[in-house]
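See below for target.csv, which holds CSV, C-alpha atoms.
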chain,number,residue,atom,x,y,z
L,1210,MET,CA,-121.3,-108.0,8.2
L,1211,LEU,CA,-118.1,-106.6,6.7
L,1212,GLU,CA,-119.9,-105.8,3.5
L,1213,GLN,CA,-122.8,-104.1,5.4
L,1214,LEU,CA,-120.2,-102.0,7.2
L,1215,GLY,CA,-118.5,-101.0,3.9
L,1216,ILE,CA,-115.2,-102.8,4.8
L,1217,SER,CA,-113.4,-104.8,2.2
L,1218,GLU,CA,-112.4,-108.4,3.0
L,1219,GLU,CA,-108.9,-107.6,1.8
L,1220,VAL,CA,-108.5,-104.8,4.4
L,1221,ASN,CA,-110.0,-107.0,7.1
L,1222,ASN,CA,-107.6,-109.8,6.4
L,1223,TYR,CA,-104.6,-107.5,6.4
L,1224,PHE,CA,-105.7,-106.1,9.9
L,1225,ILE,CA,-105.9,-109.7,11.2
L,1226,GLU,CA,-102.3,-110.4,10.1
L,1227,THR,CA,-101.1,-107.0,11.4
L,1228,GLU,CA,-102.5,-107.6,14.9
L,1229,LYS,CA,-100.1,-110.6,15.2
L,1230,VAL,CA,-97.2,-108.3,14.7
L,1231,LEU,CA,-98.5,-105.8,17.3
L,1232,LYS,CA,-99.1,-108.2,20.1
L,1233,GLY,CA,-96.0,-107.2,22.1
L,1234,LYS,CA,-96.8,-103.5,21.8
L,1235,PHE,CA,-100.4,-104.1,22.8
L,1236,ASP,CA,-99.1,-106.0,25.9
L,1237,GLU,CA,-97.1,-102.9,26.9
L,1238,ILE,CA,-100.2,-100.7,26.7
L,1239,ASP,CA,-102.2,-103.2,28.8
L,1240,GLN,CA,-99.5,-103.1,31.5
L,1241,ILE,CA,-99.7,-99.3,31.7
L,1242,CYS,CA,-103.5,-99.4,31.6
L,1243,GLU,CA,-103.5,-101.8,34.6
L,1244,TYR,CA,-101.1,-99.5,36.6
L,1245,ASN,CA,-103.2,-96.4,35.9
L,1246,SER,CA,-106.4,-98.3,36.7
L,1247,MET,CA,-104.9,-99.1,40.2
L,1248,LYS,CA,-104.0,-95.4,40.6
L,1249,VAL,CA,-107.6,-94.3,39.7
L,1250,LEU,CA,-109.2,-97.0,41.9
L,1251,HIS,CA,-107.1,-96.0,44.9
L,1252,ALA,CA,-108.0,-92.4,44.5
L,1253,PHE,CA,-111.7,-93.2,44.5
L,1254,GLN,CA,-111.3,-95.4,47.6
L,1255,HIS,CA,-109.0,-93.0,49.4
L,1256,HIS,CA,-111.6,-90.2,49.1
L,1257,GLN,CA,-114.5,-92.6,49.9
L,1258,ILE,CA,-116.6,-91.8,46.9
L,1259,ALA,CA,-120.2,-92.7,47.6
L,1260,MET,CA,-123.7,-92.3,46.0
L,1261,ASN,CA,-124.2,-89.0,47.8
L,1262,HIS,CA,-121.3,-87.6,45.7
L,1263,PHE,CA,-123.5,-88.0,42.6
L,1264,GLY,CA,-126.1,-85.5,43.8
L,1265,SER,CA,-126.9,-82.3,41.9
L,1266,THR,CA,-126.7,-78.6,42.8
L,1267,THR,CA,-128.3,-75.7,41.0
L,1268,GLY,CA,-128.2,-71.9,41.2
L,1269,TYR,CA,-125.0,-70.8,42.9
L,1270,GLY,CA,-123.8,-74.4,43.6
L,1271,TYR,CA,-122.9,-73.8,47.2
L,1272,ASP,CA,-121.7,-76.8,49.3
L,1273,ASP,CA,-121.5,-79.3,46.5
L,1274,ILE,CA,-119.8,-82.1,48.3
L,1275,GLY,CA,-119.6,-84.2,45.1
L,1276,ARG,CA,-117.9,-81.5,43.0
L,1277,ASP,CA,-115.4,-80.7,45.8
L,1278,THR,CA,-114.6,-84.4,46.5
L,1279,LEU,CA,-114.2,-85.4,42.9
L,1280,GLU,CA,-111.8,-82.5,42.4
L,1281,GLN,CA,-109.6,-84.1,45.1
L,1282,VAL,CA,-109.9,-87.4,43.3
L,1283,PHE,CA,-108.6,-85.8,40.1
L,1284,ALA,CA,-105.8,-84.2,42.1
L,1285,LYS,CA,-104.7,-87.5,43.5
L,1286,VAL,CA,-104.8,-89.3,40.1
L,1287,LEU,CA,-102.7,-86.4,38.6
L,1288,GLY,CA,-100.2,-86.2,41.5
L,1289,ALA,CA,-101.2,-82.6,42.2
L,1290,GLU,CA,-101.9,-80.6,45.3
L,1291,ASP,CA,-105.3,-79.5,44.1
L,1292,ALA,CA,-107.5,-79.4,41.1
L,1293,ILE,CA,-110.5,-77.6,39.7
L,1294,VAL,CA,-112.8,-79.7,37.5
L,1295,ARG,CA,-115.8,-78.0,36.1
L,1296,SER,CA,-118.4,-78.3,33.4
L,1297,GLN,CA,-118.3,-74.4,33.2
L,1298,PHE,CA,-115.1,-74.9,31.2
L,1299,ILE,CA,-116.3,-75.3,27.6
L,1300,SER,CA,-113.1,-76.8,26.3
L,1301,GLY,CA,-109.4,-77.3,27.0
L,1302,SER,CA,-108.6,-74.1,25.2
L,1303,HIS,CA,-111.0,-72.3,27.6
L,1304,ALA,CA,-109.3,-73.8,30.6
L,1305,LEU,CA,-105.9,-72.7,29.3
L,1306,THR,CA,-107.3,-69.2,28.7
L,1307,VAL,CA,-108.7,-69.1,32.3
L,1308,ALA,CA,-105.3,-70.2,33.6
L,1309,LEU,CA,-103.3,-67.7,31.6
L,1310,PHE,CA,-105.5,-64.7,32.6
L,1311,ALA,CA,-105.4,-66.0,36.2
L,1312,PHE,CA,-101.7,-66.1,36.5
L,1313,LEU,CA,-100.5,-63.2,34.3
L,1314,ARG,CA,-100.7,-59.5,35.0
L,1315,PRO,CA,-99.9,-56.4,32.8
L,1316,GLY,CA,-96.2,-56.2,32.2
L,1317,ASP,CA,-95.6,-59.9,32.8
L,1318,LYS,CA,-94.0,-62.1,30.1
L,1319,MET,CA,-95.2,-65.5,28.9
L,1320,LEU,CA,-92.7,-67.8,27.1
L,1321,SER,CA,-93.7,-70.8,25.0
L,1322,ILE,CA,-90.8,-73.3,24.8
L,1323,THR,CA,-92.6,-75.5,22.3
L,1324,GLY,CA,-92.9,-73.0,19.5
L,1325,LEU,CA,-96.2,-71.7,18.3
L,1326,PRO,CA,-99.1,-72.8,20.5
L,1327,TYR,CA,-102.3,-74.5,19.2
L,1328,ASP,CA,-104.3,-72.4,16.7
L,1329,THR,CA,-107.2,-71.6,19.2
L,1330,LEU,CA,-104.7,-69.8,21.5
L,1331,HIS,CA,-103.4,-67.4,18.9
L,1332,GLU,CA,-106.1,-64.8,19.6
L,1333,VAL,CA,-106.0,-65.5,23.3
L,1334,ILE,CA,-102.3,-64.6,23.5
L,1335,GLY,CA,-102.4,-61.9,20.9
L,1336,ILE,CA,-100.3,-63.6,18.2
L,1337,LYS,CA,-103.3,-62.8,16.1
L,1338,GLU,CA,-104.8,-59.4,17.0
L,1339,ASN,CA,-107.8,-59.4,19.3
L,1340,LYS,CA,-109.0,-56.6,21.6
L,1341,SER,CA,-109.5,-59.1,24.4
L,1342,SER,CA,-106.1,-60.9,24.2
L,1343,LEU,CA,-103.4,-61.0,26.8
L,1344,LYS,CA,-101.4,-58.7,24.6
L,1345,ALA,CA,-104.2,-56.1,24.7
L,1346,PHE,CA,-103.9,-56.2,28.5
L,1347,GLY,CA,-100.1,-55.6,28.4
L,1348,VAL,CA,-98.9,-59.1,28.7
L,1349,GLN,CA,-95.8,-59.8,26.6
L,1350,TYR,CA,-95.2,-63.0,24.7
L,1351,ASP,CA,-92.2,-64.8,23.2
L,1352,GLN,CA,-91.4,-68.3,22.0
L,1353,ILE,CA,-88.5,-70.7,21.5
L,1354,GLU,CA,-88.7,-73.4,18.9
L,1355,LEU,CA,-88.0,-77.1,19.5
L,1356,ILE,CA,-84.9,-78.6,17.9
L,1357,ASP,CA,-85.1,-82.1,16.5
L,1358,ASN,CA,-88.4,-82.7,18.4
L,1359,ASP,CA,-86.9,-81.8,21.7
L,1360,PHE,CA,-86.5,-78.8,23.9
L,1361,ASP,CA,-83.7,-76.3,23.0
L,1362,ILE,CA,-82.2,-76.4,26.5
L,1363,ASP,CA,-79.4,-73.9,25.8
L,1364,SER,CA,-81.7,-71.3,24.3
L,1365,ILE,CA,-84.2,-71.7,27.1
L,1366,THR,CA,-81.6,-71.3,29.9
L,1367,SER,CA,-79.9,-68.4,28.1
L,1368,TYR,CA,-83.2,-66.6,27.7
L,1369,LEU,CA,-84.2,-67.1,31.4
L,1370,GLN,CA,-80.8,-65.7,32.5
L,1371,LYS,CA,-81.4,-62.5,30.4
L,1372,ASN,CA,-85.2,-62.0,30.9
L,1373,LYS,CA,-87.7,-62.0,33.7
L,1374,VAL,CA,-90.4,-64.5,32.7
L,1375,LYS,CA,-93.6,-65.0,34.7
L,1376,LEU,CA,-94.9,-68.1,33.0
L,1377,ILE,CA,-93.5,-70.8,30.8
L,1378,GLU,CA,-96.0,-72.7,28.6
L,1379,ILE,CA,-95.3,-76.3,27.4
L,1380,GLN,CA,-97.7,-77.9,24.9
L,1381,ARG,CA,-97.1,-81.6,25.0
L,1382,SER,CA,-99.3,-82.7,22.1
L,1383,LYS,CA,-98.3,-81.7,18.6
L,1384,GLY,CA,-101.5,-79.7,17.7
L,1385,TYR,CA,-101.7,-79.0,13.9
L,1386,SER,CA,-98.0,-79.3,13.4
L,1387,THR,CA,-95.5,-81.8,12.0
L,1388,ARG,CA,-93.4,-82.2,15.2
L,1389,GLU,CA,-93.6,-85.1,17.6
L,1390,SER,CA,-95.5,-84.9,20.8
L,1391,LEU,CA,-93.4,-84.7,23.9
L,1392,THR,CA,-92.9,-87.6,26.3
L,1393,ILE,CA,-92.9,-87.3,30.0
L,1394,ASP,CA,-89.1,-87.9,30.1
L,1395,LYS,CA,-88.4,-84.9,27.9
L,1396,VAL,CA,-90.8,-82.7,30.0
L,1397,ALA,CA,-89.1,-83.9,33.2
L,1398,ASN,CA,-85.6,-83.1,31.8
L,1399,VAL,CA,-86.5,-79.5,30.7
L,1400,ILE,CA,-88.2,-78.7,34.0
L,1401,LYS,CA,-85.1,-79.8,35.9
L,1402,LYS,CA,-83.0,-77.5,33.7
L,1403,ILE,CA,-85.4,-74.6,34.1
L,1404,ARG,CA,-85.3,-74.9,37.9
L,1405,GLU,CA,-81.5,-74.7,37.9
L,1406,VAL,CA,-81.9,-71.2,36.4
L,1407,ASP,CA,-85.2,-69.9,37.8
L,1408,LYS,CA,-87.0,-71.4,40.7
L,1409,GLU,CA,-89.9,-68.9,40.7
L,1410,VAL,CA,-91.2,-69.1,37.1
L,1411,ILE,CA,-94.6,-70.8,36.7
L,1412,ILE,CA,-94.3,-73.9,34.5
L,1413,MET,CA,-97.7,-74.6,32.9
L,1414,VAL,CA,-98.2,-77.7,30.8
L,1415,ASP,CA,-101.0,-78.1,28.2
L,1416,ASN,CA,-101.6,-81.8,28.9
L,1417,CYS,CA,-104.5,-82.3,26.4
L,1418,TYR,CA,-104.4,-85.8,24.8
L,1419,CYS,CA,-101.5,-86.9,27.1
L,1420,GLU,CA,-103.1,-87.9,30.4
L,1421,LEU,CA,-102.5,-91.5,31.5
L,1422,ILE,CA,-100.4,-92.4,28.5
L,1423,ASP,CA,-97.6,-93.2,30.8
L,1424,LYS,CA,-97.2,-93.8,34.6
L,1425,LEU,CA,-96.3,-90.2,35.5
L,1426,GLU,CA,-97.9,-86.8,34.8
L,1427,PRO,CA,-96.1,-83.5,34.5
L,1428,THR,CA,-97.2,-82.4,38.0
L,1429,GLU,CA,-95.3,-85.4,39.3
L,1430,VAL,CA,-92.0,-84.3,37.6
L,1431,GLY,CA,-92.0,-80.6,38.7
L,1432,ALA,CA,-94.7,-78.8,36.6
L,1433,ASP,CA,-96.6,-76.2,38.6
L,1434,ILE,CA,-99.9,-76.5,36.7
L,1435,ILE,CA,-101.4,-78.8,34.1
L,1436,VAL,CA,-104.5,-78.3,32.0
L,1437,GLY,CA,-106.7,-80.6,30.0
L,1438,SER,CA,-110.2,-81.4,28.6
L,1439,LEU,CA,-112.8,-83.8,29.8
L,1440,ILE,CA,-113.9,-84.6,26.2
L,1441,LYS,CA,-110.4,-86.0,25.7
L,1442,ASN,CA,-108.6,-88.5,27.8
L,1443,LEU,CA,-109.8,-88.1,31.4
L,1444,GLY,CA,-113.5,-87.9,30.4
L,1445,GLY,CA,-113.4,-91.5,29.3
L,1446,GLY,CA,-116.0,-90.8,26.6
L,1447,ILE,CA,-118.6,-90.4,29.4
L,1448,ALA,CA,-118.2,-86.8,30.6
L,1449,PRO,CA,-120.4,-84.6,28.3
L,1450,ASN,CA,-118.2,-81.5,28.6
L,1451,GLY,CA,-115.7,-79.8,30.9
L,1452,ALA,CA,-112.0,-79.5,31.7
L,1453,TYR,CA,-109.6,-79.3,34.5
L,1454,ILE,CA,-106.7,-77.3,35.9
L,1455,ALA,CA,-104.5,-79.1,38.4
L,1456,GLY,CA,-101.3,-78.4,40.3
L,1457,ARG,CA,-100.2,-76.0,43.0
L,1458,LYS,CA,-103.0,-75.1,45.4
L,1459,ASP,CA,-102.4,-71.3,45.3
L,1460,LEU,CA,-102.5,-71.4,41.5
L,1461,VAL,CA,-105.6,-73.5,41.3
L,1462,GLU,CA,-107.3,-71.0,43.7
L,1463,LEU,CA,-106.4,-68.2,41.3
L,1464,ALA,CA,-107.8,-70.1,38.4
L,1465,GLY,CA,-111.1,-70.6,40.4
L,1466,GLU,CA,-111.4,-66.9,41.0
L,1467,ARG,CA,-110.9,-66.2,37.3
L,1468,LEU,CA,-113.4,-68.8,36.2
L,1469,THR,CA,-116.1,-67.3,38.5
L,1470,LEU,CA,-115.3,-64.1,40.4
L,1471,PRO,CA,-112.9,-62.8,43.0
L,1472,GLY,CA,-114.1,-63.5,46.5
L,1473,GLU,CA,-116.2,-66.5,45.5
L,1474,GLY,CA,-114.0,-68.6,43.3
L,1475,ARG,CA,-114.4,-72.3,43.7
L,1476,GLU,CA,-117.2,-72.0,46.2
L,1477,VAL,CA,-119.7,-71.5,43.4
L,1478,GLY,CA,-120.5,-73.4,40.3
L,1479,PRO,CA,-123.6,-75.7,40.1
L,1480,THR,CA,-123.0,-79.2,38.8
L,1481,LEU,CA,-126.5,-79.7,37.4
L,1482,GLY,CA,-126.3,-83.5,37.7
L,1483,ILE,CA,-122.9,-84.0,36.0
L,1484,ASN,CA,-120.9,-85.5,38.9
L,1485,LYS,CA,-121.7,-89.1,38.1
L,1486,ALA,CA,-120.7,-88.7,34.5
L,1487,ILE,CA,-117.4,-87.1,35.4
L,1488,ALA,CA,-116.6,-89.7,38.0
L,1489,GLN,CA,-117.5,-92.6,35.7
L,1490,GLY,CA,-115.5,-91.1,32.9
L,1491,LEU,CA,-112.4,-90.8,35.0
L,1492,PHE,CA,-112.9,-94.4,36.2
L,1493,LEU,CA,-113.1,-95.7,32.6
L,1494,ALA,CA,-110.3,-93.5,31.3
L,1495,PRO,CA,-107.3,-95.9,31.6
L,1496,SER,CA,-109.2,-98.5,29.6
L,1497,VAL,CA,-110.5,-96.1,27.0
L,1498,ILE,CA,-107.0,-94.5,26.6
L,1499,ALA,CA,-105.5,-97.9,26.1
L,1500,SER,CA,-108.1,-98.6,23.3
L,1501,SER,CA,-107.3,-95.3,21.7
L,1502,LEU,CA,-103.5,-96.1,21.7
L,1503,LYS,CA,-104.1,-99.5,20.2
L,1504,THR,CA,-106.3,-97.9,17.5
L,1505,ALA,CA,-103.5,-95.4,16.7
L,1506,ILE,CA,-100.8,-98.0,16.6
L,1507,ILE,CA,-102.6,-100.3,14.1
L,1508,THR,CA,-103.5,-97.2,12.0
L,1509,SER,CA,-99.8,-96.3,11.9
L,1510,LYS,CA,-98.6,-99.8,11.0
L,1511,VAL,CA,-101.2,-100.4,8.2
L,1512,LEU,CA,-101.0,-97.0,6.6
L,1513,GLU,CA,-97.2,-97.1,6.6
L,1514,ASP,CA,-97.3,-100.5,5.0
L,1515,LEU,CA,-99.6,-98.9,2.4
L,1516,GLY,CA,-96.9,-96.4,1.6
L,1517,TYR,CA,-98.0,-93.4,3.6
L,1518,GLU,CA,-95.9,-91.3,5.8
L,1519,VAL,CA,-97.0,-91.6,9.5
L,1520,SER,CA,-96.0,-90.0,12.8
L,1521,PRO,CA,-95.4,-91.5,15.3
L,1522,LYS,CA,-94.3,-94.9,13.9
L,1523,TRP,CA,-96.2,-97.9,15.2
L,1524,ASP,CA,-93.3,-99.0,17.4
L,1525,SER,CA,-92.4,-95.5,18.8
L,1526,LYS,CA,-92.8,-94.4,22.4
L,1527,ARG,CA,-96.0,-92.4,22.5
L,1528,ALA,CA,-96.8,-89.2,24.4
L,1529,ASP,CA,-100.5,-88.8,23.4
L,1530,ILE,CA,-103.4,-90.5,21.6
L,1531,VAL,CA,-102.9,-88.6,18.3
L,1532,GLN,CA,-101.8,-90.3,15.1
L,1533,ASN,CA,-100.6,-88.3,12.1
L,1534,ILE,CA,-101.0,-89.5,8.6
L,1535,ILE,CA,-99.2,-87.2,6.1
L,1536,PHE,CA,-100.9,-87.6,2.8
L,1537,HIS,CA,-99.2,-84.8,0.8
L,1538,ASN,CA,-102.3,-84.2,-1.2
L,1539,PRO,CA,-105.8,-82.8,-0.2
L,1540,ASN,CA,-107.9,-85.6,-1.8
L,1541,ASP,CA,-106.4,-88.4,0.2
L,1542,LEU,CA,-106.8,-86.3,3.4
L,1543,ILE,CA,-110.4,-85.6,2.6
L,1544,ASN,CA,-111.2,-89.2,1.6
L,1545,TYR,CA,-109.7,-90.7,4.7
L,1546,CYS,CA,-111.6,-88.3,7.1
L,1547,GLN,CA,-114.8,-89.0,5.2
L,1548,GLY,CA,-114.1,-92.7,5.7
L,1549,ILE,CA,-113.7,-92.3,9.4
L,1550,GLN,CA,-117.1,-90.5,9.5
L,1551,PHE,CA,-118.7,-93.3,7.5
L,1552,GLY,CA,-117.3,-95.8,10.1
L,1553,SER,CA,-118.8,-93.9,13.1
L,1554,PRO,CA,-121.9,-94.8,15.1
L,1555,ILE,CA,-123.4,-91.3,14.9
L,1556,ASP,CA,-124.0,-89.4,11.6
L,1557,SER,CA,-122.4,-92.2,9.6
L,1558,PHE,CA,-124.5,-91.1,6.6
L,1559,VAL,CA,-122.9,-87.6,6.7
L,1560,LYS,CA,-120.1,-86.7,4.3
L,1561,PRO,CA,-117.8,-84.1,5.9
L,1562,GLU,CA,-116.3,-81.3,3.8
L,1563,PRO,CA,-113.6,-78.7,4.5
L,1564,TRP,CA,-115.0,-75.5,6.0
L,1565,ASP,CA,-114.1,-72.3,7.8
L,1566,MET,CA,-114.1,-72.9,11.5
L,1567,PRO,CA,-113.9,-70.2,14.2
L,1568,GLY,CA,-110.3,-70.0,15.6
L,1569,TYR,CA,-108.6,-71.5,12.6
L,1570,ASP,CA,-106.9,-69.7,9.7
L,1571,ASP,CA,-107.3,-72.5,7.1
L,1572,LYS,CA,-110.3,-74.5,6.1
L,1573,VAL,CA,-110.5,-77.6,8.3
L,1574,ILE,CA,-112.2,-81.0,7.6
L,1575,MET,CA,-113.5,-82.7,10.7
L,1576,ALA,CA,-114.8,-86.2,11.0
L,1577,ALA,CA,-116.4,-86.9,14.3
L,1578,GLY,CA,-119.4,-89.2,14.4
L,1579,THR,CA,-119.4,-88.9,18.2
L,1580,PHE,CA,-121.9,-89.2,21.0
L,1581,THR,CA,-120.5,-85.9,22.4
L,1582,GLN,CA,-119.9,-83.0,20.0
L,1583,GLY,CA,-116.2,-82.5,19.5
L,1584,SER,CA,-115.2,-85.4,21.7
L,1585,SER,CA,-111.8,-86.6,20.5
L,1586,ILE,CA,-111.4,-89.5,22.9
L,1587,GLU,CA,-114.0,-91.0,20.6
L,1588,LEU,CA,-112.7,-92.0,17.2
L,1589,SER,CA,-112.3,-88.8,15.2
L,1590,CYS,CA,-110.1,-87.4,12.5
L,1591,ASP,CA,-109.4,-83.9,11.3
L,1592,GLY,CA,-106.9,-81.7,9.6
L,1593,PRO,CA,-106.4,-78.3,8.0
L,1594,ILE,CA,-106.4,-78.1,4.2
L,1595,ARG,CA,-102.8,-76.9,4.0
L,1596,GLU,CA,-99.4,-78.5,3.1
L,1597,PRO,CA,-98.4,-81.2,3.8
L,1598,PHE,CA,-102.1,-82.3,4.2
L,1599,ILE,CA,-102.0,-84.1,7.5
L,1600,ALA,CA,-104.8,-86.1,9.0
L,1601,TYR,CA,-104.8,-85.9,12.8
L,1602,GLN,CA,-106.6,-89.0,14.1
L,1603,GLN,CA,-107.4,-89.6,17.8
L,1604,GLY,CA,-109.6,-91.7,20.0
L,1605,GLY,CA,-111.5,-94.9,20.1
L,1606,LEU,CA,-113.8,-95.8,23.0
L,1607,THR,CA,-113.0,-99.5,22.5
L,1608,TYR,CA,-110.3,-101.0,20.3
L,1609,GLU,CA,-112.9,-103.0,18.4
L,1610,TYR,CA,-114.9,-100.0,17.4
L,1611,GLY,CA,-111.7,-98.0,16.7
L,1612,LYS,CA,-110.4,-100.7,14.4
L,1613,LEU,CA,-113.7,-101.0,12.5
L,1614,GLY,CA,-113.7,-97.3,12.0
L,1615,VAL,CA,-110.2,-97.3,10.6
L,1616,MET,CA,-110.8,-100.3,8.4
L,1617,ARG,CA,-113.8,-98.4,6.9
L,1618,ALA,CA,-111.6,-95.3,6.3
L,1619,ILE,CA,-108.9,-97.3,4.6
L,1620,THR,CA,-111.5,-99.1,2.4
L,1621,HIS,CA,-112.9,-95.7,1.4
L,1622,LEU,CA,-109.4,-94.2,0.8
L,1623,LEU,CA,-108.3,-97.1,-1.4
L,1624,GLY,CA,-111.5,-97.3,-3.3
L,1625,ASN,CA,-111.4,-93.6,-4.3
L,1626,LYS,CA,-107.7,-93.8,-5.0
L,1627,ASN,CA,-108.2,-96.6,-7.5
L,1628,ALA,CA,-111.4,-95.1,-9.0

So, in terms of structure tokens, how does the structure I just supplied come out?
Amino acid sequence: MLEQLGISEEVNNYFIETEKVLKGKFDEIDQICEYNSMKVLHAFQHHQIAMNHFGSTTGYGYDDIGRDTLEQVFAKVLGAEDAIVRSQFISGSHALTVALFAFLRPGDKMLSITGLPYDTLHEVIGIKENKSSLKAFGVQYDQIELIDNDFDIDSITSYLQKNKVKLIEIQRSKGYSTRESLTIDKVANVIKKIREVDKEVIIMVDNCYCELIDKLEPTEVGADIIVGSLIKNLGGGIAPNGAYIAGRKDLVELAGERLTLPGEGREVGPTLGINKAIAQGLFLAPSVIASSLKTAIITSKVLEDLGYEVSPKWDSKRADIVQNIIFHNPNDLINYCQGIQFGSPIDSFVKPEPWDMPGYDDKVIMAAGTFTQGSSIELSCDGPIREPFIAYQQGGLTYEYGKLGVMRAITHLLGNKNA
């Protein structure tokens, strides 16, 4: 079977030995998974989810009891006052855009305290010129860089003392950068410091890739609003699309009116039969996230042992499901991503190549043999073709499938390196 899957016996044997070293780390992940499973199960039971919540609405989507109740389930899981969870969000970036346009007005200032946001938000904010950007509507933007992979508390508090800021944006996951992703402890600390200076500023956290990694979410440590995608963590590999915005009720209501239209807001939005998939995805999410983390950890350990630079290290505290492999040359990056594709269940015969993607400045190679297009809770790997040539790997619906995919990628990488 290994030969049929294109996995070398040498790589397989090394993984078997590596798993023995990782047992303690895997046990820690299982404990958090069990805690978050209890949290999710309690939310389902508390809101008395039943078969009638899986019904479908069309047209305007009035009186969709399933949609409205599931949003309350999400809010409870995330420790938020309220949540809007909709298939009308096409991505996490779309949900972030809806939130920003909902909360900011001409003359307001937005401040990112995690440096440059993810590439797909550059035209949204106006960092890259676009006639439909926040900048074009008179919204100002500024940013403060991280220092040593943590918040620059002194610069943030000094800035807030001198400037009126309407919204602070925190991006927890690293995006296409070399920094570390931000743990919930670091987020909690900076929110506490911000509140000592400004109690009114809206603190919004881009929580993509970070949900249910730990026992707490940003909304449980003082964030006003969090945003994420359903084809990442909380969709559990089941939700076919969608995203969420969760947090303060007044802000969630504003986001609903920006997603649809003022005066109707969250009262409209047909579910078209998606409720069961969203519910089941959330239910499976703790287990799927645990599998993704185990896949990332064994990837980190094996590739570091092979001499590659990795981030985070296998024994580091993790904030998201993303694993960086820094190859320092384009060929290894491309070969590794191609190997992930060859180890996938869908389109395993396809050989991905770098190409120009909308929203990105550099060519990007994307390996994603996934059941849902673009789903990064499923094993996938991508990276921009630019120094230092980093592969950003994420996902793994089960640990077993994730491990097999990574073994295939490493076999392909080593085979081409020695050719």

Counting all atoms listed in the file, which residues of segment 1416-1473 of chain L fall within 12 Å of segment 1501-1516 of chain L, and what is the closest atom pair for each with its distance in Å at one decimal, ordered by chain and rising number, as JSON lines?
{"residue": "L:Tyr1418", "atom": "CA", "partner": "L:Ser1501", "partner_atom": "CA", "distance": 10.4}
{"residue": "L:Cys1419", "atom": "CA", "partner": "L:Leu1502", "partner_atom": "CA", "distance": 10.9}
{"residue": "L:Glu1420", "atom": "CA", "partner": "L:Leu1502", "partner_atom": "CA", "distance": 12.0}
{"residue": "L:Leu1421", "atom": "CA", "partner": "L:Leu1502", "partner_atom": "CA", "distance": 10.9}
{"residue": "L:Ile1422", "atom": "CA", "partner": "L:Leu1502", "partner_atom": "CA", "distance": 8.3}
{"residue": "L:Asp1423", "atom": "CA", "partner": "L:Leu1502", "partner_atom": "CA", "distance": 11.2}
{"residue": "L:Lys1441", "atom": "CA", "partner": "L:Ser1501", "partner_atom": "CA", "distance": 10.6}
{"residue": "L:Asn1442", "atom": "CA", "partner": "L:Ser1501", "partner_atom": "CA", "distance": 9.2}
{"residue": "L:Gly1445", "atom": "CA", "partner": "L:Ser1501", "partner_atom": "CA", "distance": 10.5}
{"residue": "L:Gly1446", "atom": "CA", "partner": "L:Ser1501", "partner_atom": "CA", "distance": 11.0}

Keeping only C-alpha atoms, take the residues you just selected and write them out as a PDB file, in the coordinates of the input.
ATOM      1  CA  TYR L1418    -104.400 -85.800  24.800  1.00  0.00           C
ATOM      2  CA  CYS L1419    -101.500 -86.900  27.100  1.00  0.00           C
ATOM      3  CA  GLU L1420    -103.100 -87.900  30.400  1.00  0.00           C
ATOM      4  CA  LEU L1421    -102.500 -91.500  31.500  1.00  0.00           C
ATOM      5  CA  ILE L1422    -100.400 -92.400  28.500  1.00  0.00           C
ATOM      6  CA  ASP L1423     -97.600 -93.200  30.800  1.00  0.00           C
ATOM      7  CA  LYS L1441    -110.400 -86.000  25.700  1.00  0.00           C
ATOM      8  CA  ASN L1442    -108.600 -88.500  27.800  1.00  0.00           C
ATOM      9  CA  GLY L1445    -113.400 -91.500  29.300  1.00  0.00           C
ATOM     10  CA  GLY L1446    -116.000 -90.800  26.600  1.00  0.00           C
TER      11      GLY L1446
END

In Å and to one decimal, atom CA of Ala1577 of chain L is distant from atom CA of Gln1550 of chain L by 6.0 Å

For each of L:Gly1316, L:Gly1335, L:Gly1474, L:Gly1611, take the minimum atom-to-atom distance to Lys1375 of chain L, counting all atoms listed in the file, then give the residue where this is smallest.
->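 For Lys1375 of chain L, the nearest of the given residues is L:Gly1316.
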
What lies within 7 Å of Leu1355 of chain L using all atoms listed in the file, ignoring chain neighbours under 3 positions off, as a PyMOL selection string?
-> chain L and resi 1323-1324+1358-1361

Distance of atom CA of Tyr1545 of chain L from atom CA of Ala1618 of chain L, expressed in Å to one decimal place =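 That distance, rounded to one decimal, is 5.2 Å.
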
Which one is closest to Ala1292 of chain L: L:Phe1263, L:Arg1276, L:Phe1580, L:Ala1488? Count only C-alpha atoms.
->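 Distance minimum relative to Ala1292 of chain L lands on L:Arg1276.
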
Which residue gives the smallest distance to Asn1533 of chain L among L:Leu1425, L:Thr1581, L:Lys1626, L:Tyr1385, with all atoms listed in the file counted?
-> L:Tyr1385
